Every structure is written in structure tokens, then in C-alpha cells.
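Notes follow the structure.
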Amino acid sequence: MSVTSEATAQWKGTLFEGSGQVSLTSSGQGPYPVNWKARSEGSDSVTTPEELIAAAHASCYCMALSNALAQNGTPPQSLEASASVTFVPGTGITGSHLNVSAVVPGIEEADFDRIAEEAKAGCPVSQALAGVEITLEASLG
């Protein structure tokens, strides 16, 4: 069975002076405002495509790591992951940095590090982002 997720975007005006919004159609979330200034300079009130990709990457990575740890016989008590997706105007998306802190009873640090790296490679969003560098910082809490 496949699942298709949908989002819609609307835009008015030119790239530099215009603005728009994005809605997560499948879940009914949004609309969220978007504009070039936020994308190229940053913003704490307007989202960007890269912020949405970061949310997808962090959540997908948590799912992949949780599953891999459970398959190892060491299910996590908790995982907290963030993703930082970098955008360079004129170049595009240049990378995604994952940072995860985990509470995993009964696991050796070397095993955790190996499983965390394998989950990074196996995460479907990591695979979709294969054209950019993906880095990982993983720590046991």
C-alpha cells in the first residue's frame, strides 16, 4: 500500500517582492506564509521550503532510528532530533545536519553510533536528499 502526501503553494508577484503561502493539504495544516526574504535572510515568523524539509528530515530520522534500535533489541526510551537544512541563494540547498539525543537503555555507545549512522543512510528523506551532504551528531543522554 502506498500513501501520497500533498501540499499546495500559492504565490503572487515576483520572486523578490512577492509572497505566498503553503498548506499541508493531506493533514489540513496551514496556511504558512513564505517569501524570498525569509528564505534568503532567515525569519522567525515566515517559513521556508528548507524549514519544511528540515521538519521532514528530523521526523523521518527519528522514525528510522527508533525502528533500527528496536530491531537491535534496544528500543529507545526517547529520541529528540533536529535537522538544519542550509540554503545558499544562487546555489540551492547545500546540506542537512541531523542532531539527535537519545535515551536508550542497555546499549553500548559504539553500537548506538553505528545504528545511528545506518539509520541516517536508511531514512527515506535522507535518501531523497542524496544530492546534498548529510551530517550527523548523535549522543546518548
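Following the order of the C-alpha cells, first chain is A, next is B, and so on, with residues numbered from 1 inside each chain and ligands from 1 in the order they appear.
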For this session: Mind checking which residues fall within 8 Å of Ile93 of chain A, counting only C-alpha atoms, ignoring those fewer than 3 positions away in the same chain, and posting them as a ChimeraX atom specification?
Result: /A:50,85-88,132
Exercise. As number ranges by chain, which residues of segment 46-127 of chain A does DSSP assign to helix (DSSP H, G or I)?
Worked result: A: 49-71, 109-122, 124-127
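Taking only C-alpha atoms into account, Leu65 of chain A lies nearest to A:Leu79 out of the set A:Ala128, A:Val3, A:Leu79, A:Val46.
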Problem set entry | Length of the atom CA of Asn72 of chain A to atom CA of Ile107 of chain A vector [Å] | 9.2 Å
For this session: Skip Val103 of chain A itself and residues of its chain fewer than 4 positions away, then list as an MDAnalysis selection string all residues within 10 Å of it, counting only C-alpha atoms.
Result: chainID A and resid 75:80 107 139:141
Let's have the selection written as a short mmCIF file (atom, residue, chain, number, x, y, z; two decimals), in the first residue's frame, with all heavy atoms.
```
data_model
loop_
_atom_site.label_atom_id
_atom_site.label_comp_id
_atom_site.auth_asym_id
_atom_site.auth_seq_id
_atom_site.Cartn_x
_atom_site.Cartn_y
_atom_site.Cartn_z
N PRO A 75 15.13 -0.91 22.24
CA PRO A 75 14.23 0.18 21.85
C PRO A 75 14.52 1.45 22.65
O PRO A 75 14.89 1.37 23.83
CB PRO A 75 12.84 -0.37 22.18
CG PRO A 75 13.06 -1.46 23.16
CD PRO A 75 14.43 -2.02 22.88
N PRO A 76 14.38 2.60 22.01
CA PRO A 76 14.68 3.85 22.70
C PRO A 76 13.59 4.20 23.71
O PRO A 76 12.41 3.95 23.48
CB PRO A 76 14.73 4.88 21.57
CG PRO A 76 13.77 4.34 20.56
CD PRO A 76 13.93 2.85 20.63
N GLN A 77 14.03 4.81 24.79
CA GLN A 77 13.07 5.40 25.72
C GLN A 77 12.60 6.74 25.15
O GLN A 77 11.43 7.07 25.22
CB GLN A 77 13.72 5.61 27.09
CG GLN A 77 12.81 6.20 28.13
CD GLN A 77 13.51 6.32 29.46
OE1 GLN A 77 14.35 5.50 29.81
NE2 GLN A 77 13.18 7.36 30.20
N SER A 78 13.54 7.49 24.57
CA SER A 78 13.18 8.75 23.93
C SER A 78 14.26 9.15 22.92
O SER A 78 15.42 8.79 23.06
CB SER A 78 13.01 9.87 24.97
OG SER A 78 14.24 10.14 25.61
N LEU A 79 13.81 9.87 21.90
CA LEU A 79 14.69 10.43 20.88
C LEU A 79 14.28 11.88 20.67
O LEU A 79 13.09 12.19 20.62
CB LEU A 79 14.54 9.69 19.54
CG LEU A 79 14.84 8.21 19.50
CD1 LEU A 79 14.46 7.64 18.14
CD2 LEU A 79 16.31 7.96 19.81
N GLU A 80 15.26 12.75 20.52
CA GLU A 80 14.97 14.13 20.13
C GLU A 80 15.94 14.49 19.02
O GLU A 80 17.16 14.48 19.22
CB GLU A 80 15.13 15.09 21.30
CG GLU A 80 14.76 16.51 20.91
CD GLU A 80 14.72 17.46 22.10
OE1 GLU A 80 14.35 17.03 23.21
OE2 GLU A 80 15.06 18.63 21.89
N ILE A 107 22.30 -0.09 25.77
CA ILE A 107 23.07 -0.10 24.53
C ILE A 107 24.47 0.44 24.79
O ILE A 107 24.67 1.35 25.59
CB ILE A 107 22.36 0.71 23.41
CG1 ILE A 107 22.97 0.38 22.05
CG2 ILE A 107 22.40 2.20 23.70
CD1 ILE A 107 22.16 0.88 20.87
N SER A 139 24.12 11.52 20.19
CA SER A 139 24.62 11.35 21.55
C SER A 139 23.60 10.61 22.40
O SER A 139 22.40 10.73 22.21
CB SER A 139 24.94 12.71 22.18
OG SER A 139 23.77 13.50 22.27
N LEU A 140 24.13 9.84 23.31
CA LEU A 140 23.30 9.15 24.29
C LEU A 140 23.16 10.05 25.51
O LEU A 140 24.14 10.64 25.97
CB LEU A 140 23.93 7.82 24.71
CG LEU A 140 23.83 6.69 23.70
CD1 LEU A 140 24.71 5.52 24.13
CD2 LEU A 140 22.39 6.25 23.55
N GLY A 141 21.92 10.18 26.00
CA GLY A 141 21.69 11.03 27.16
C GLY A 141 21.51 10.24 28.42
O GLY A 141 21.47 9.06 28.49
#
```
For this session: Quick one: pull the distance between atom CA of Trp36 of chain A and atom CA of Glu17 of chain A, Å, one decimal.
Result: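 Atom CA of Glu17 of chain A lies at a distance of 7.7 Å from atom CA of Trp36 of chain A.
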For this session: With a distance cut-off of 12 Å and only C-alpha atoms, select the neighbouring residues of Ile53 of chain A, excluding the residue or stretch itself and same-chain residues fewer than 6 positions from it, and output the selection as an NGL selection string.
Result: :A and (47 or 59-61 or 82-87 or 93 or 95-98 or 125-126 or 128-129)
With N, CA and C atoms retained, export the selected residues as a PDB file, in the first residue's frame.
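Final output, selection25.pdb:
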```
ATOM      1  N   THR A  47       7.873  30.792   7.204  1.00  0.00           N
ATOM      2  CA  THR A  47       8.570  29.537   6.933  1.00  0.00           C
ATOM      3  C   THR A  47       9.265  29.575   5.574  1.00  0.00           C
ATOM      4  N   SER A  59      11.864  14.330  11.549  1.00  0.00           N
ATOM      5  CA  SER A  59      10.834  13.355  11.946  1.00  0.00           C
ATOM      6  C   SER A  59      11.080  11.992  11.308  1.00  0.00           C
ATOM      7  N   CYS A  60      11.488  11.962  10.054  1.00  0.00           N
ATOM      8  CA  CYS A  60      11.773  10.699   9.379  1.00  0.00           C
ATOM      9  C   CYS A  60      12.957  10.006  10.031  1.00  0.00           C
ATOM     10  N   TYR A  61      13.988  10.783  10.379  1.00  0.00           N
ATOM     11  CA  TYR A  61      15.155  10.196  11.018  1.00  0.00           C
ATOM     12  C   TYR A  61      14.786   9.581  12.369  1.00  0.00           C
ATOM     13  N   SER A  82      16.902  17.095  15.608  1.00  0.00           N
ATOM     14  CA  SER A  82      16.693  18.322  14.853  1.00  0.00           C
ATOM     15  C   SER A  82      17.442  18.172  13.537  1.00  0.00           C
ATOM     16  N   ALA A  83      16.983  18.896  12.553  1.00  0.00           N
ATOM     17  CA  ALA A  83      17.674  18.950  11.266  1.00  0.00           C
ATOM     18  C   ALA A  83      17.865  20.415  10.903  1.00  0.00           C
ATOM     19  N   SER A  84      19.034  20.736  10.431  1.00  0.00           N
ATOM     20  CA  SER A  84      19.353  22.089   9.980  1.00  0.00           C
ATOM     21  C   SER A  84      19.676  22.005   8.499  1.00  0.00           C
ATOM     22  N   VAL A  85      18.794  22.531   7.675  1.00  0.00           N
ATOM     23  CA  VAL A  85      18.959  22.483   6.225  1.00  0.00           C
ATOM     24  C   VAL A  85      19.487  23.842   5.768  1.00  0.00           C
ATOM     25  N   THR A  86      20.616  23.814   5.057  1.00  0.00           N
ATOM     26  CA  THR A  86      21.270  25.046   4.618  1.00  0.00           C
ATOM     27  C   THR A  86      20.910  25.357   3.169  1.00  0.00           C
ATOM     28  N   PHE A  87      20.546  26.618   2.945  1.00  0.00           N
ATOM     29  CA  PHE A  87      20.228  27.131   1.611  1.00  0.00           C
ATOM     30  C   PHE A  87      21.154  28.295   1.311  1.00  0.00           C
ATOM     31  N   ILE A  93      20.113  24.235  -2.020  1.00  0.00           N
ATOM     32  CA  ILE A  93      20.268  23.514  -0.762  1.00  0.00           C
ATOM     33  C   ILE A  93      21.619  22.813  -0.789  1.00  0.00           C
ATOM     34  N   GLY A  95      23.065  21.250   2.194  1.00  0.00           N
ATOM     35  CA  GLY A  95      23.249  20.185   3.158  1.00  0.00           C
ATOM     36  C   GLY A  95      22.166  20.124   4.215  1.00  0.00           C
ATOM     37  N   SER A  96      22.167  19.029   4.948  1.00  0.00           N
ATOM     38  CA  SER A  96      21.270  18.854   6.086  1.00  0.00           C
ATOM     39  C   SER A  96      22.093  18.245   7.216  1.00  0.00           C
ATOM     40  N   HIS A  97      22.028  18.876   8.374  1.00  0.00           N
ATOM     41  CA  HIS A  97      22.756  18.387   9.544  1.00  0.00           C
ATOM     42  C   HIS A  97      21.744  17.869  10.557  1.00  0.00           C
ATOM     43  N   LEU A  98      21.840  16.585  10.870  1.00  0.00           N
ATOM     44  CA  LEU A  98      20.983  15.959  11.870  1.00  0.00           C
ATOM     45  C   LEU A  98      21.697  15.980  13.213  1.00  0.00           C
ATOM     46  N   VAL A 125      13.913  10.150   3.826  1.00  0.00           N
ATOM     47  CA  VAL A 125      14.173  11.555   3.490  1.00  0.00           C
ATOM     48  C   VAL A 125      15.665  11.755   3.220  1.00  0.00           C
ATOM     49  N   SER A 126      16.531  11.076   3.971  1.00  0.00           N
ATOM     50  CA  SER A 126      17.971  11.132   3.656  1.00  0.00           C
ATOM     51  C   SER A 126      18.212  10.645   2.232  1.00  0.00           C
ATOM     52  N   ALA A 128      16.116  10.756  -0.231  1.00  0.00           N
ATOM     53  CA  ALA A 128      15.602  11.766  -1.158  1.00  0.00           C
ATOM     54  C   ALA A 128      16.558  12.952  -1.268  1.00  0.00           C
ATOM     55  N   LEU A 129      17.330  13.192  -0.226  1.00  0.00           N
ATOM     56  CA  LEU A 129      18.287  14.297  -0.214  1.00  0.00           C
ATOM     57  C   LEU A 129      19.699  13.853  -0.605  1.00  0.00           C
TER      58      LEU A 129
END
```
Exercise. Mind pulling up the distance from atom CA of Ala130 of chain A to atom CA of Ala7 of chain A?
Worked result: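 Separation of atom CA of Ala7 of chain A and atom CA of Ala130 of chain A: 21.8 Å.
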